[in-house]
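The next block holds one structure in the form of structure tokens; read it before the comments.
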Amino acid sequence: MDLEPRRSWPEPARESTSSPGTRSLKIMRRPGRLRQGRTGCLIIVLVIAALWMLGREVLGGALDGLTALFSDHPAPVAGRPFDTVTPARPASSGSPTIDRIASRGKLVVAIQETPGLAARSSDSGGYTGFDVALLGLIARDLGVDPARTSFKPLAASSREAALGRAEVDLVLGGYEITAARRATVDIAGPYLVRPLVGAPLGTTEYGIGLPPGDPLLRERVTAVLRHAIDDGTWARLYAEYLGTPVPSPPLLR
């Protein structure tokens with residue numbers, strides 16, 4: 001029997017089965033470090049979310065601007081498609097003659113040469129005189145350039161027919177006011193009253209012939225003549241083209 005006491009040999013140290021990651025996890029699981037880690041992560045998440053929202057707004061606006069800049073088509077606008085929109089038409093003035101003048105952009109005037117009232121210039125081919133000067137005032141009131149007036153020399157017997165067929169807008173150049181003419185066309189005036197040549201008594205009234213059935217045009221032309229009389233233009237033009245002394249202007253009807 002072996003009476004020698006047994007020796008107690010120390011057990012060999014066991015190798016740790018924990019990996020470095022596990023040790024780190026254990027360290028992170030400590031109460032203090034875990035709390036700090038969670039707080040830091042939360043802050044990071046909130047910052048990232050805020051930056052993402054802000055970047056989304058800025059980036060979206062920038063992309064919209066770039067798209068509009070480089071796109072071949074304009075940005076859509078509210079409203080009906082173009083093919084369903086009725087094109088706008090210019091409003092009518094209420095006068096067929098004024099509308100015709102406006103669309104044409106000039107006056108068409110039947111004229112007859114009369115000394116002092118309408119005389120054709122041999123140099124320019126245009127017309128000058130008291131009647132032509134008043135016509136310039138009428139043209140400006142109707143919104144057209146007096147220099148673009150188209151004159152049509154017509155015989156006295158054919159002027160009323162030209163007005164009735166709307167071939168001309170006005171008639172002037174010593175256009176006498178008579179009862180027979182008033183029955184077929186409208187007349188603005190008289191803008192001039194002069195004695196019968198070679199006769200001791202009697203006068204001749206001159207007016208501006210207008211298309212029949214257009215009272216608004218007659219009102220406009222009469223208003224221009226009245227304004228020329230009131231502001232002294234009539235007297236100045238009379239002295240320039242018909243001489244002095246200047247008589248009293250006639251009463252417009």
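A note on labels: chains of the structure tokens are A, B, ... as shown, every chain counts residues from 1, and ligands are counted from 1 in their shown order.
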Can you tell me which residues surround Ser158 of chain A at a distance of at most 12 Å, considering only C-alpha atoms, apart from same-chain residues fewer than 5 positions away, and format the answer as number ranges by chain?
A: 110-112, 152-153, 163-165, 167-168, 171, 181
Could you state the separation of atom CA of Arg218 of chain A and atom CA of Asp186 of chain A in Å, given to one decimal place?
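We find that atom CA of Arg218 of chain A and atom CA of Asp186 of chain A lie 7.3 Å from each other.
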Excluding Val109 of chain A and any residue of its chain fewer than 6 positions from it, enumerate the residues within 12 Å of it, using only C-alpha atoms, and give them as JSON, numbers by chain.
{"A": [101, 118, 127, 131, 132, 135, 136, 138, 139, 146, 148, 149, 150, 151, 152, 153, 154, 159, 162, 163, 166, 167, 168, 169, 170, 171, 172, 173, 208, 209, 210, 211]}
Would you mind exporting N, CA and C atoms of the selected residues as a CSV table (one decimal), in the first residue's frame?
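Result file follows (selection.csv):
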chain,number,residue,atom,x,y,z
A,101,ILE,N,-61.6,100.7,-91.0
A,101,ILE,CA,-60.4,101.6,-91.0
A,101,ILE,C,-59.3,101.0,-90.1
A,118,ALA,N,-58.8,121.4,-101.4
A,118,ALA,CA,-58.1,120.2,-101.8
A,118,ALA,C,-57.4,120.4,-103.1
A,127,TYR,N,-52.1,115.6,-101.5
A,127,TYR,CA,-53.1,116.7,-101.5
A,127,TYR,C,-52.8,117.6,-100.3
A,131,ASP,N,-59.5,121.3,-96.3
A,131,ASP,CA,-60.2,120.1,-96.1
A,131,ASP,C,-59.2,119.0,-95.7
A,132,VAL,N,-58.1,118.9,-96.4
A,132,VAL,CA,-57.1,117.9,-96.1
A,132,VAL,C,-56.5,118.0,-94.7
A,135,LEU,N,-58.9,116.7,-92.4
A,135,LEU,CA,-58.8,115.2,-92.5
A,135,LEU,C,-57.7,114.6,-91.6
A,136,GLY,N,-56.6,115.3,-91.6
A,136,GLY,CA,-55.5,114.8,-90.7
A,136,GLY,C,-55.9,114.7,-89.3
A,138,ILE,N,-59.0,114.1,-88.2
A,138,ILE,CA,-59.9,113.0,-88.1
A,138,ILE,C,-59.2,111.7,-88.1
A,139,ALA,N,-58.2,111.6,-89.0
A,139,ALA,CA,-57.4,110.3,-89.0
A,139,ALA,C,-56.7,110.0,-87.7
A,146,PRO,N,-52.2,109.9,-90.7
A,146,PRO,CA,-52.7,110.7,-91.8
A,146,PRO,C,-51.8,110.5,-93.1
A,148,ARG,N,-50.7,107.9,-94.3
A,148,ARG,CA,-51.0,106.7,-95.0
A,148,ARG,C,-52.4,106.8,-95.7
A,149,THR,N,-53.0,107.9,-95.7
A,149,THR,CA,-54.3,108.1,-96.4
A,149,THR,C,-54.3,107.8,-97.9
A,150,SER,N,-55.2,107.0,-98.3
A,150,SER,CA,-55.3,106.7,-99.8
A,150,SER,C,-56.4,107.6,-100.4
A,151,PHE,N,-56.0,108.4,-101.3
A,151,PHE,CA,-57.0,109.3,-102.0
A,151,PHE,C,-57.5,108.7,-103.3
A,152,LYS,N,-58.8,108.8,-103.5
A,152,LYS,CA,-59.4,108.3,-104.8
A,152,LYS,C,-60.1,109.5,-105.5
A,153,PRO,N,-59.5,110.1,-106.5
A,153,PRO,CA,-60.2,111.1,-107.2
A,153,PRO,C,-61.5,110.6,-107.9
A,154,LEU,N,-62.6,111.1,-107.5
A,154,LEU,CA,-63.9,110.6,-108.1
A,154,LEU,C,-64.7,111.8,-108.5
A,159,ARG,N,-69.6,109.8,-106.1
A,159,ARG,CA,-69.1,109.7,-104.8
A,159,ARG,C,-70.1,109.1,-103.8
A,162,ALA,N,-70.0,105.3,-104.2
A,162,ALA,CA,-68.8,104.7,-103.6
A,162,ALA,C,-68.9,104.6,-102.0
A,163,LEU,N,-69.6,105.6,-101.4
A,163,LEU,CA,-69.8,105.5,-100.0
A,163,LEU,C,-70.8,104.4,-99.7
A,166,ALA,N,-69.2,101.0,-99.6
A,166,ALA,CA,-68.1,100.9,-98.7
A,166,ALA,C,-66.8,100.8,-99.4
A,167,GLU,N,-66.7,101.5,-100.6
A,167,GLU,CA,-65.4,101.5,-101.3
A,167,GLU,C,-64.5,102.6,-100.8
A,168,VAL,N,-65.1,103.6,-100.2
A,168,VAL,CA,-64.4,104.7,-99.5
A,168,VAL,C,-65.0,104.9,-98.1
A,169,ASP,N,-64.2,105.5,-97.3
A,169,ASP,CA,-64.6,105.8,-95.9
A,169,ASP,C,-65.2,107.2,-95.7
A,170,LEU,N,-64.7,108.2,-96.5
A,170,LEU,CA,-65.1,109.6,-96.4
A,170,LEU,C,-65.1,110.2,-97.7
A,171,VAL,N,-65.8,111.3,-97.9
A,171,VAL,CA,-65.8,112.1,-99.1
A,171,VAL,C,-65.5,113.6,-98.6
A,172,LEU,N,-64.5,114.2,-99.3
A,172,LEU,CA,-64.3,115.6,-99.0
A,172,LEU,C,-63.7,116.3,-100.2
A,173,GLY,N,-63.5,117.6,-100.1
A,173,GLY,CA,-62.9,118.4,-101.2
A,173,GLY,C,-64.1,119.2,-101.8
A,208,ILE,N,-68.5,116.8,-94.7
A,208,ILE,CA,-67.7,115.6,-95.0
A,208,ILE,C,-68.7,114.4,-95.2
A,209,GLY,N,-68.7,113.9,-96.4
A,209,GLY,CA,-69.6,112.8,-96.7
A,209,GLY,C,-69.2,111.5,-95.9
A,210,LEU,N,-70.2,110.8,-95.4
A,210,LEU,CA,-70.0,109.5,-94.6
A,210,LEU,C,-70.9,108.4,-95.1
A,211,PRO,N,-70.5,107.2,-94.9
A,211,PRO,CA,-71.3,106.1,-95.3
A,211,PRO,C,-72.7,106.1,-94.6
One-decimal distance in Å that lies between atom CA of Gly129 of chain A and atom CA of Leu117 of chain A:
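Spanning atom CA of Leu117 of chain A to atom CA of Gly129 of chain A is a straight-line distance of 4.4 Å.
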If we count only C-alpha atoms, what is near Pro215 of chain A at a cut-off of 12 Å, once residues fewer than 2 positions away on the same chain are taken out, given as number ranges by chain?
A: 93-98, 185-188, 210-213, 217-222
Which value, in Å to one decimal, gives the distance between atom CA of Ala119 of chain A and atom CA of Tyr238 of chain A?
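Calculated distance between atom CA of Ala119 of chain A and atom CA of Tyr238 of chain A is 14.8 Å.
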